[in-house]
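Asker: Contents of my_file.txt (compact mmCIF, N, CA and C atoms) are below:
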```txt
# COMPACT_ATOMS: atom_id res chain seq x y z
N MET L 1 127.23 71.33 129.01
CA MET L 1 128.50 71.97 128.83
C MET L 1 128.53 73.27 129.64
N THR L 2 129.51 73.46 130.46
CA THR L 2 129.65 74.64 131.28
C THR L 2 130.70 75.57 130.68
N ILE L 3 130.37 76.83 130.58
CA ILE L 3 131.31 77.82 130.08
C ILE L 3 131.76 78.67 131.25
N HIS L 4 133.03 78.79 131.44
CA HIS L 4 133.58 79.64 132.50
C HIS L 4 133.99 80.97 131.88
N LEU L 5 133.39 82.04 132.34
CA LEU L 5 133.67 83.36 131.80
C LEU L 5 134.42 84.20 132.82
N ARG L 6 135.25 85.10 132.30
CA ARG L 6 136.01 86.03 133.12
C ARG L 6 135.76 87.44 132.60
N PRO L 7 135.87 88.45 133.45
CA PRO L 7 135.75 89.82 132.96
C PRO L 7 136.75 90.06 131.84
N GLY L 8 136.29 90.68 130.78
CA GLY L 8 137.12 90.95 129.61
C GLY L 8 136.91 89.96 128.48
N ASP L 9 136.31 88.78 128.75
CA ASP L 9 136.00 87.83 127.69
C ASP L 9 134.97 88.44 126.74
N ARG L 10 135.14 88.20 125.45
CA ARG L 10 134.18 88.69 124.46
C ARG L 10 133.18 87.57 124.17
N VAL L 11 131.90 87.90 124.18
CA VAL L 11 130.84 86.93 123.93
C VAL L 11 129.81 87.55 123.01
N ARG L 12 129.03 86.70 122.37
CA ARG L 12 127.84 87.16 121.63
C ARG L 12 126.64 86.66 122.41
N ALA L 13 125.84 87.58 122.91
CA ALA L 13 124.66 87.24 123.68
C ALA L 13 123.42 87.53 122.85
N THR L 14 122.48 86.62 122.83
CA THR L 14 121.24 86.79 122.09
C THR L 14 120.08 86.83 123.08
N LEU L 15 119.19 87.78 122.89
CA LEU L 15 118.07 87.98 123.79
C LEU L 15 116.83 88.31 122.98
N ASP L 16 115.75 87.53 123.13
CA ASP L 16 114.49 87.87 122.49
C ASP L 16 113.81 88.93 123.33
N CYS L 17 113.58 90.09 122.76
CA CYS L 17 113.00 91.20 123.50
C CYS L 17 112.20 92.07 122.54
N SER L 18 111.55 93.07 123.07
CA SER L 18 110.79 93.99 122.21
C SER L 18 111.43 95.37 122.24
N VAL L 19 111.34 96.06 121.11
CA VAL L 19 111.88 97.42 121.01
C VAL L 19 110.83 98.36 121.60
N GLU L 20 111.22 99.07 122.65
CA GLU L 20 110.33 100.02 123.29
C GLU L 20 110.43 101.40 122.66
N ASN L 21 111.63 101.76 122.19
CA ASN L 21 111.83 103.09 121.63
C ASN L 21 113.06 103.08 120.74
N VAL L 22 113.06 103.87 119.68
CA VAL L 22 114.21 104.04 118.80
C VAL L 22 114.60 105.51 118.88
N ILE L 23 115.84 105.77 119.34
CA ILE L 23 116.27 107.13 119.59
C ILE L 23 117.45 107.47 118.67
N PRO L 24 117.24 108.36 117.69
CA PRO L 24 118.37 108.80 116.86
C PRO L 24 119.23 109.77 117.68
N LEU L 25 120.54 109.58 117.66
CA LEU L 25 121.46 110.43 118.39
C LEU L 25 122.09 111.46 117.47
N ARG L 26 122.64 112.51 118.02
CA ARG L 26 123.21 113.59 117.23
C ARG L 26 124.38 113.14 116.38
N ASP L 27 125.13 112.13 116.83
CA ASP L 27 126.31 111.70 116.09
C ASP L 27 125.98 110.70 114.98
N GLY L 28 124.69 110.53 114.67
CA GLY L 28 124.29 109.61 113.61
C GLY L 28 124.04 108.19 114.10
N GLN L 29 124.36 107.91 115.34
CA GLN L 29 124.12 106.59 115.91
C GLN L 29 122.64 106.47 116.29
N THR L 30 122.22 105.26 116.56
CA THR L 30 120.85 105.00 117.00
C THR L 30 120.90 104.22 118.30
N LEU L 31 120.06 104.61 119.25
CA LEU L 31 119.97 103.94 120.54
C LEU L 31 118.64 103.20 120.60
N LEU L 32 118.69 101.93 120.95
CA LEU L 32 117.46 101.14 121.11
C LEU L 32 117.16 100.97 122.59
N GLU L 33 115.94 101.28 122.99
CA GLU L 33 115.48 100.93 124.33
C GLU L 33 114.74 99.61 124.20
N LEU L 34 115.20 98.60 124.93
CA LEU L 34 114.67 97.24 124.81
C LEU L 34 113.98 96.84 126.10
N ALA L 35 112.96 96.00 125.97
CA ALA L 35 112.27 95.44 127.13
C ALA L 35 112.31 93.93 127.01
N TYR L 36 112.65 93.28 128.11
CA TYR L 36 112.75 91.84 128.17
C TYR L 36 111.89 91.37 129.31
N ASP L 37 110.93 90.50 129.03
CA ASP L 37 110.02 89.99 130.05
C ASP L 37 110.50 88.63 130.52
N HIS L 38 110.81 88.53 131.79
CA HIS L 38 111.32 87.28 132.36
C HIS L 38 110.62 87.03 133.68
N ASP L 39 109.97 85.90 133.79
CA ASP L 39 109.26 85.53 135.02
C ASP L 39 108.25 86.58 135.45
N GLY L 40 107.60 87.22 134.50
CA GLY L 40 106.57 88.19 134.82
C GLY L 40 107.08 89.58 135.15
N SER L 41 108.39 89.76 135.24
CA SER L 41 108.93 91.09 135.51
C SER L 41 109.66 91.58 134.27
N THR L 42 109.53 92.86 133.98
CA THR L 42 110.14 93.43 132.79
C THR L 42 111.43 94.14 133.14
N MET L 43 112.49 93.83 132.40
CA MET L 43 113.76 94.52 132.56
C MET L 43 113.97 95.38 131.33
N ASN L 44 114.48 96.58 131.52
CA ASN L 44 114.73 97.50 130.41
C ASN L 44 116.22 97.81 130.31
N CYS L 45 116.68 98.02 129.09
CA CYS L 45 118.06 98.44 128.88
C CYS L 45 118.11 99.28 127.61
N ALA L 46 119.16 100.05 127.45
CA ALA L 46 119.36 100.85 126.25
C ALA L 46 120.72 100.50 125.68
N LEU L 47 120.77 100.17 124.38
CA LEU L 47 122.01 99.78 123.72
C LEU L 47 122.16 100.53 122.41
N PRO L 48 123.39 100.93 122.07
CA PRO L 48 123.61 101.53 120.75
C PRO L 48 123.42 100.47 119.67
N LEU L 49 122.72 100.81 118.63
CA LEU L 49 122.46 99.88 117.54
C LEU L 49 123.75 99.39 116.90
N SER L 50 124.80 100.17 116.98
CA SER L 50 126.06 99.80 116.34
C SER L 50 126.78 98.64 117.03
N VAL L 51 126.40 98.30 118.26
CA VAL L 51 127.11 97.24 118.99
C VAL L 51 126.33 95.94 119.07
N ILE L 52 125.14 95.90 118.50
CA ILE L 52 124.34 94.68 118.56
C ILE L 52 123.84 94.30 117.18
N ASP L 53 123.61 93.01 116.98
CA ASP L 53 122.98 92.53 115.76
C ASP L 53 121.48 92.42 116.03
N VAL L 54 120.68 92.97 115.14
CA VAL L 54 119.24 92.97 115.33
C VAL L 54 118.59 92.22 114.19
N GLU L 55 117.75 91.26 114.53
CA GLU L 55 116.97 90.52 113.54
C GLU L 55 115.52 90.62 113.95
N ARG L 56 114.65 91.11 113.07
CA ARG L 56 113.23 91.23 113.39
C ARG L 56 112.60 89.85 113.47
N LEU L 57 111.94 89.56 114.60
CA LEU L 57 111.29 88.27 114.79
C LEU L 57 109.81 88.32 114.41
N THR L 58 109.21 89.48 114.53
CA THR L 58 107.81 89.63 114.16
C THR L 58 107.66 90.90 113.35
N PRO L 59 106.66 90.97 112.50
CA PRO L 59 106.47 92.19 111.71
C PRO L 59 105.99 93.34 112.58
N THR L 60 106.20 94.56 112.09
CA THR L 60 105.76 95.75 112.81
C THR L 60 104.24 95.84 112.82
N VAL L 61 103.62 95.45 111.73
CA VAL L 61 102.16 95.50 111.64
C VAL L 61 101.61 94.09 111.67
N MET L 62 100.41 93.96 112.17
CA MET L 62 99.78 92.65 112.23
C MET L 62 98.99 92.40 110.95
N PRO L 63 98.85 91.13 110.55
CA PRO L 63 98.08 90.80 109.35
C PRO L 63 96.61 91.20 109.51
N LYS L 64 96.01 91.60 108.42
CA LYS L 64 94.58 91.92 108.39
C LYS L 64 93.87 90.83 107.61
N PRO L 65 92.63 90.51 107.98
CA PRO L 65 91.89 89.48 107.25
C PRO L 65 91.88 89.73 105.76
N GLY L 66 92.16 88.69 104.98
CA GLY L 66 92.18 88.77 103.53
C GLY L 66 93.54 88.99 102.92
N GLU L 67 94.55 89.32 103.74
CA GLU L 67 95.89 89.54 103.22
C GLU L 67 96.63 88.22 103.04
N ILE L 68 97.58 88.21 102.12
CA ILE L 68 98.47 87.07 101.93
C ILE L 68 99.86 87.52 102.33
N TRP L 69 100.49 86.74 103.22
CA TRP L 69 101.83 87.05 103.72
C TRP L 69 102.79 85.97 103.26
N LYS L 70 104.03 86.38 103.03
CA LYS L 70 105.07 85.45 102.60
C LYS L 70 106.16 85.39 103.67
N THR L 71 106.57 84.19 104.06
CA THR L 71 107.63 84.02 105.04
C THR L 71 108.99 84.06 104.36
N ASP L 72 110.04 84.13 105.16
CA ASP L 72 111.40 84.18 104.61
C ASP L 72 111.74 82.97 103.75
N ASP L 73 111.11 81.82 104.04
CA ASP L 73 111.39 80.62 103.26
C ASP L 73 110.49 80.48 102.04
N GLY L 74 109.66 81.52 101.75
CA GLY L 74 108.84 81.52 100.54
C GLY L 74 107.43 80.97 100.71
N ALA L 75 107.09 80.48 101.90
CA ALA L 75 105.74 79.94 102.13
C ALA L 75 104.71 81.07 102.15
N LEU L 76 103.54 80.81 101.57
CA LEU L 76 102.47 81.80 101.54
C LEU L 76 101.41 81.45 102.56
N TRP L 77 100.92 82.48 103.28
CA TRP L 77 99.92 82.31 104.33
C TRP L 77 98.78 83.29 104.10
N PHE L 78 97.57 82.84 104.34
CA PHE L 78 96.37 83.66 104.19
C PHE L 78 95.88 84.07 105.57
N ALA L 79 95.68 85.38 105.77
CA ALA L 79 95.16 85.89 107.05
C ALA L 79 93.64 85.79 107.02
N GLN L 80 93.11 85.01 107.95
CA GLN L 80 91.67 84.74 107.96
C GLN L 80 91.07 85.20 109.29
N ARG L 81 89.88 85.79 109.22
CA ARG L 81 89.16 86.17 110.43
C ARG L 81 88.51 84.91 111.02
N ARG L 82 88.75 84.68 112.30
CA ARG L 82 88.16 83.52 112.97
C ARG L 82 87.35 83.97 114.16
N HIS L 83 86.07 83.68 114.14
CA HIS L 83 85.19 84.01 115.26
C HIS L 83 85.30 82.92 116.32
N ALA L 84 85.33 83.35 117.55
CA ALA L 84 85.52 82.42 118.67
C ALA L 84 84.19 81.93 119.21
N ASP L 85 84.27 80.83 119.96
CA ASP L 85 83.13 80.29 120.68
C ASP L 85 83.03 81.06 122.00
N TYR L 86 81.98 81.86 122.14
CA TYR L 86 81.83 82.69 123.34
C TYR L 86 81.77 81.86 124.62
N ASP L 87 81.35 80.61 124.55
CA ASP L 87 81.22 79.76 125.72
C ASP L 87 82.53 79.08 126.10
N ASP L 88 83.56 79.26 125.31
CA ASP L 88 84.85 78.60 125.56
C ASP L 88 85.91 79.68 125.80
N ASP L 89 86.27 79.88 127.09
CA ASP L 89 87.22 80.94 127.45
C ASP L 89 88.56 80.76 126.75
N GLU L 90 89.02 79.52 126.60
CA GLU L 90 90.30 79.27 125.94
C GLU L 90 90.24 79.66 124.47
N ASP L 91 89.13 79.36 123.80
CA ASP L 91 88.97 79.71 122.39
C ASP L 91 88.82 81.22 122.22
N PHE L 92 88.25 81.88 123.21
CA PHE L 92 88.00 83.31 123.12
C PHE L 92 89.25 84.13 123.45
N ALA L 93 90.26 83.51 124.06
CA ALA L 93 91.48 84.24 124.41
C ALA L 93 92.14 84.80 123.16
N GLY L 94 92.56 86.06 123.22
CA GLY L 94 93.23 86.69 122.10
C GLY L 94 92.31 87.36 121.10
N CYS L 95 91.00 87.27 121.32
CA CYS L 95 90.05 87.91 120.40
C CYS L 95 89.93 89.40 120.70
N ASN L 96 89.54 90.16 119.69
CA ASN L 96 89.31 91.59 119.89
C ASN L 96 87.92 91.81 120.47
N GLU L 97 87.56 93.08 120.62
CA GLU L 97 86.26 93.41 121.23
C GLU L 97 85.07 92.97 120.39
N PHE L 98 85.31 92.60 119.12
CA PHE L 98 84.24 92.14 118.25
C PHE L 98 84.09 90.62 118.24
N GLY L 99 84.95 89.94 119.01
CA GLY L 99 84.84 88.49 119.15
C GLY L 99 85.57 87.68 118.10
N TRP L 100 86.54 88.27 117.41
CA TRP L 100 87.30 87.51 116.42
C TRP L 100 88.78 87.85 116.53
N ARG L 101 89.59 86.99 115.94
CA ARG L 101 91.04 87.21 115.85
C ARG L 101 91.49 86.75 114.47
N VAL L 102 92.70 87.11 114.11
CA VAL L 102 93.26 86.70 112.83
C VAL L 102 94.05 85.42 113.05
N VAL L 103 93.81 84.42 112.20
CA VAL L 103 94.63 83.21 112.19
C VAL L 103 95.27 83.12 110.81
N MET L 104 96.47 82.58 110.77
CA MET L 104 97.19 82.44 109.51
C MET L 104 97.04 81.01 109.01
N VAL L 105 96.54 80.87 107.80
CA VAL L 105 96.28 79.58 107.18
C VAL L 105 97.27 79.39 106.03
N PRO L 106 98.01 78.28 106.03
CA PRO L 106 98.97 78.08 104.95
C PRO L 106 98.25 77.83 103.62
N LEU L 107 98.73 78.48 102.57
CA LEU L 107 98.10 78.29 101.26
C LEU L 107 98.51 76.97 100.61
N ASP L 108 99.51 76.29 101.18
CA ASP L 108 99.88 74.97 100.62
C ASP L 108 99.05 73.85 101.23
N GLY L 109 98.12 74.18 102.14
CA GLY L 109 97.23 73.18 102.70
C GLY L 109 97.76 72.45 103.91
N GLY L 110 98.95 72.81 104.40
CA GLY L 110 99.51 72.14 105.57
C GLY L 110 98.86 72.62 106.87
N PRO L 111 99.34 72.11 107.99
CA PRO L 111 98.78 72.49 109.30
C PRO L 111 99.13 73.94 109.64
N TYR L 112 98.31 74.55 110.46
CA TYR L 112 98.59 75.91 110.91
C TYR L 112 98.49 76.02 112.41
```
Render the structure in this file as structure tokens.
Answerer:
Amino acid sequence: MTIHLRPGDRVRATLDCSVENVIPLRDGQTLLELAYDHDGSTMNCALPLSVIDVERLTPTVMPKPGEIWKTDDGALWFAQRRHADYDDDEDFAGCNEFGWRVVMVPLDGGPY
């Protein structure tokens, strides 16, 4: 389906991006500096919070081993420390300097 747009048309655009900075303004408004990574290049923009809808896609803090997290749909997940195989570069990807990373294991026993 092709959409033909003209200047002045009102649209709702959704973009998955990261918040680089939150700037409170003197008039009580908030300005978000956003970064969007596309094809390896980062584009930045600043938008007033009052003109966009914002939904958090990831938490501000990362899970720590031993914590239990709950998703919006009520599912419970256990944060587990997983040590990687040093001889397997793919398995070692994403590990910290101590050789482990956190994986989330569903408490209902399903796949993760």
Asker: Could you give me the residues within chain L that DSSP places in strand (DSSP E or B), as number ranges by chain?
Answerer: L: 18-24, 30-38, 41-48, 68-70, 76-83, 100-106
Asker: Tell me, which residues of chain L carry DSSP alpha helix (DSSP H), written as a list in words?
Answerer: Asp89, Glu90, Asp91 and Phe92 of chain L
Asker: How far is it from CA of Asn21 in chain L to CA of Leu34 in chain L, in Å with one decimal?
Answerer: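 Distance between the two atoms: 7.2 Å.
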Asker: What gap, in Å, lies between CA of Ala46 in chain L and atom C of Glu33 in chain L?
Answerer: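 Separation between CA of Ala46 in chain L and atom C of Glu33 in chain L: 5.2 Å.
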Asker: Can you tell me how far CA of Phe92 in chain L sits from CA of Thr42 in chain L, in Å to one decimal?
Answerer: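 A separation of 26.2 Å between them.
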Asker: Write out as number ranges by chain the residues lying within 9 Å of Ala79 in chain L, counting only C-alpha atoms and excluding same-chain residues fewer than 6 positions away.
Answerer: L: 63-69, 102-106
Asker: Those selected residues, please, written with N, CA and C atoms and delivered as a CSV table (one decimal), in the frame of the given file.
Answerer:
```csv
chain,number,residue,atom,x,y,z
L,63,PRO,N,98.8,91.1,110.6
L,63,PRO,CA,98.1,90.8,109.4
L,63,PRO,C,96.6,91.2,109.5
L,64,LYS,N,96.0,91.6,108.4
L,64,LYS,CA,94.6,91.9,108.4
L,64,LYS,C,93.9,90.8,107.6
L,65,PRO,N,92.6,90.5,108.0
L,65,PRO,CA,91.9,89.5,107.2
L,65,PRO,C,91.9,89.7,105.8
L,66,GLY,N,92.2,88.7,105.0
L,66,GLY,CA,92.2,88.8,103.5
L,66,GLY,C,93.5,89.0,102.9
L,67,GLU,N,94.6,89.3,103.7
L,67,GLU,CA,95.9,89.5,103.2
L,67,GLU,C,96.6,88.2,103.0
L,68,ILE,N,97.6,88.2,102.1
L,68,ILE,CA,98.5,87.1,101.9
L,68,ILE,C,99.9,87.5,102.3
L,69,TRP,N,100.5,86.7,103.2
L,69,TRP,CA,101.8,87.0,103.7
L,69,TRP,C,102.8,86.0,103.3
L,102,VAL,N,92.7,87.1,114.1
L,102,VAL,CA,93.3,86.7,112.8
L,102,VAL,C,94.0,85.4,113.0
L,103,VAL,N,93.8,84.4,112.2
L,103,VAL,CA,94.6,83.2,112.2
L,103,VAL,C,95.3,83.1,110.8
L,104,MET,N,96.5,82.6,110.8
L,104,MET,CA,97.2,82.4,109.5
L,104,MET,C,97.0,81.0,109.0
L,105,VAL,N,96.5,80.9,107.8
L,105,VAL,CA,96.3,79.6,107.2
L,105,VAL,C,97.3,79.4,106.0
L,106,PRO,N,98.0,78.3,106.0
L,106,PRO,CA,99.0,78.1,105.0
L,106,PRO,C,98.2,77.8,103.6
```
Asker: List as a count of residues only the protein and nucleic acid residues near Pro48 in chain L, meaning an atom at most 10 Å away when only C-alpha atoms are counted, but skip any in the same chain fewer than 5 places from it.
Answerer: 9
Asker: Determine the nearest neighbour of Gln80 in chain L from the options L:Leu15, L:Leu107, L:Asn44, L:Ile3, counting only C-alpha atoms.
Answerer: L:Leu107
Asker: Between L:Gly109, L:Arg6, L:Met43, L:His38, which one has atoms that come closest to Phe78 in chain L, using only C-alpha atoms?
Answerer: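 Smallest separation from Phe78 in chain L among the options: L:Gly109.
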Asker: Using only N, CA and C atoms, which residue out of L:Ser41, L:Ala35, L:Met62, L:Trp77 lies closest to Glu20 in chain L?
Answerer: L:Ala35
Asker: With distances taken over only C-alpha atoms, which of L:Asp108, L:Gly99, L:Pro7, L:Ala13 is nearest to Val51 in chain L?
Answerer: L:Ala13
